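Here's the structure, in structure tokens; my notes come after.
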Amino acid sequence: MMRAKDIMTREVVTISGSATIAEAVNLMKDRGLRALIVEPRSDRDPYGIVTETDIVYKVAAYGHDPKKMRVFEIMTKPCITVSPDLGVEYLARLFANTKTRRAPVVKDGLKGIVSISDVMHKSDFAEKPKTYFELYCEENPSALEARMYDD
Amino acid sequence: MLTARDIMTADVVTISGSATVAEAVKLMKEKGLRALIVEPRSDRDPYSIVTETDIVYKVAAFGDDPKKMRVFEIMTKPCITVSPDLGVEYVARLFANTKTRRAPVIEGKLLGIISISDILNKSDFVEKPVQLFIEDRIDAAREDARTICAAKGATAPECAAAWDIVEELQAAASHKRQAEA
């Protein structure tokens, strides 16, 4: 089974919540990114994310001046984070259930970012579709239902 | 004002609604695309779109076999379409209101596709933010000012403050007109 860490993008760019939207846009344009991660301010603080959707829906759509608005006003915080060991089938289900398209991969620090494009382009869901029953059997080889398939 | 035509991607790839999802995935991977357009079957038929979100949310998330599912089962039809002459600010507002991220640009035929990435990367909303409906806001502010001045008297500070708002909006509007010229 492929996992989040196998398909994630390791190069992640972070920004401060107090940066202006104009700074975020420049950074995204320069690096060709669709989202930036806002790192926690302390141990107890959650991760945040600001995406191109946030910027277009909340700033461009209203003609607000990006030089006068700040990232914390439009970011999603706390955002959904995923473990690097999460299977890509579960990742797709999590994204579908939460209407999410992109999430930081976190385990003892920020490891990467994973998006629906990564699922589309790098996972093997098209070649090897797995039903939930098959996934369950793969993860629990000693389960009765799984053993029935061994015969 | 930049229009949809100025920032759209003219290179669009279409697919048939009866193609399998596996074929759509292959085409999107090969061409590096996030969406494919399904062209109308007749004059009366609407445009539709199938995106990577549709494929991940409706196929990959359930472990369904993309070779056995077809595009028409997961596509959005009819989809929102945009005229090439629509201002970029209106495209952004339309996308925000309808929770859309991508739409075909149509005028008689398919001219291109426009997405929130095009707005972010190619439009000038950072350099020249444009407030929509500014003329309507000036009219509303002027009516407010007249009402306040009639109630409080022409020399009242509230009356002067209300007209200041009208003047500020007029200045913003003339700045906008200069930017467009």
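Going through the structure tokens in order, the chains are called A, B, and so on, while each chain numbers its residues from 1 and the ligands are numbered from 1 in the order shown.
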Within 8 Å of chain B, which residues belong to chain A? Use only C-alpha atoms and report them as a ChimeraX atom specification. /A:22,25,29,34,52-53,55-58,60-67,89-96,101,116-117,119-121,125-126,128-132
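Atom to atom, atom CA of A:Lys122 and atom CA of A:Asp6 stand 8.3 Å apart.
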Tell me which protein, DNA and RNA residues are within 10 Å of A:Val114, counting only C-alpha atoms, leaving out same-chain ones fewer than 4 positions away, and put them as a PDB file with C-alpha atoms, in the first residue's frame.
```
ATOM      1  CA  ALA A   4       1.262   9.747   2.213  1.00  0.00           C
ATOM      2  CA  LYS A   5       5.049   9.922   2.533  1.00  0.00           C
ATOM      3  CA  ASP A   6       5.460   8.124  -0.837  1.00  0.00           C
ATOM      4  CA  ILE A   7       3.478  10.699  -2.790  1.00  0.00           C
ATOM      5  CA  MET A   8       3.926  13.920  -0.782  1.00  0.00           C
ATOM      6  CA  THR A   9       5.857  16.939  -1.994  1.00  0.00           C
ATOM      7  CA  ARG A  10       8.806  17.408   0.324  1.00  0.00           C
ATOM      8  CA  VAL A  12       7.154  23.042   1.549  1.00  0.00           C
ATOM      9  CA  THR A  81      -2.874  17.412   9.034  1.00  0.00           C
ATOM     10  CA  VAL A  82      -1.993  13.898   7.944  1.00  0.00           C
ATOM     11  CA  PRO A  84       3.220  10.292   6.719  1.00  0.00           C
ATOM     12  CA  VAL A  88      -3.301   6.955   0.050  1.00  0.00           C
ATOM     13  CA  LEU A  91      -6.014   9.995   2.399  1.00  0.00           C
ATOM     14  CA  ARG A 101      -7.623  19.264  -1.286  1.00  0.00           C
ATOM     15  CA  ARG A 102      -4.304  19.789   0.415  1.00  0.00           C
ATOM     16  CA  ALA A 103      -2.816  19.165   3.868  1.00  0.00           C
ATOM     17  CA  PRO A 104       0.552  19.325   5.590  1.00  0.00           C
ATOM     18  CA  VAL A 105       2.206  16.006   6.424  1.00  0.00           C
ATOM     19  CA  ASP A 118      -0.332  14.035  -5.729  1.00  0.00           C
ATOM     20  CA  VAL A 119      -3.005  11.365  -5.285  1.00  0.00           C
TER      21      VAL A 119
END
```
Could you give me the residues within stretch 21-91 of chain A that DSSP places in strand (DSSP E), as a ChimeraX atom specification? /A:35-38,48-51
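What separates atom CA of B:Glu167 from atom CA of B:Asp136 is a distance of 13.8 Å.
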Taking only chain A into account, list the residues labelled helix (DSSP H, G or I) by DSSP (computed from the backbone), as a PyMOL selection string. chain A and resi 4-7+21-31+52-58+60-62+71-74+88-98+116-122+132-139+144-148
Atom-to-atom span, atom CA of B:Asp144 and atom CA of B:Lys176, Å: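 Spanning atom CA of B:Asp144 to atom CA of B:Lys176 is a straight-line distance of 22.8 Å.
Shortest atom-to-atom contact with B:Gly112 among B:Ala156, B:Ala171, B:Val13, B:Met1: B:Val13, counting only C-alpha atoms.
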Mind checking which residues fall within 7 Å of stretch 41-47 of chain A, counting only C-alpha atoms, ignoring those fewer than 2 positions away in the same chain, and posting them as a PyMOL selection string? chain A and resi 38-39+49+77-79
Leaving out B:Val50 and any residue of its chain fewer than 4 positions from it, which residues lie within 7 Å of it when counting only C-alpha atoms, given as a list in words?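 The filter keeps Ala35, Leu36, Ile37, Asp54, Met75 and Thr76 of chain B.
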For the residues in the current selection, export C-alpha atoms as a PDB file, in the first residue's frame.
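What landed in selection_9.pdb:
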```
ATOM      1  CA  ALA B  35      -9.486  19.159 -15.508  1.00  0.00           C
ATOM      2  CA  LEU B  36     -10.937  18.038 -18.832  1.00  0.00           C
ATOM      3  CA  ILE B  37     -13.909  19.565 -20.635  1.00  0.00           C
ATOM      4  CA  ASP B  54     -14.123  14.610  -8.913  1.00  0.00           C
ATOM      5  CA  MET B  75     -18.626  14.883 -14.138  1.00  0.00           C
ATOM      6  CA  THR B  76     -20.368  18.184 -13.344  1.00  0.00           C
TER       7      THR B  76
END
```
Under the rule that only C-alpha atoms are counted, which of B:Cys159, B:Cys149, B:Leu86, B:Ala172 is the nearest residue to B:Arg137? B:Ala172
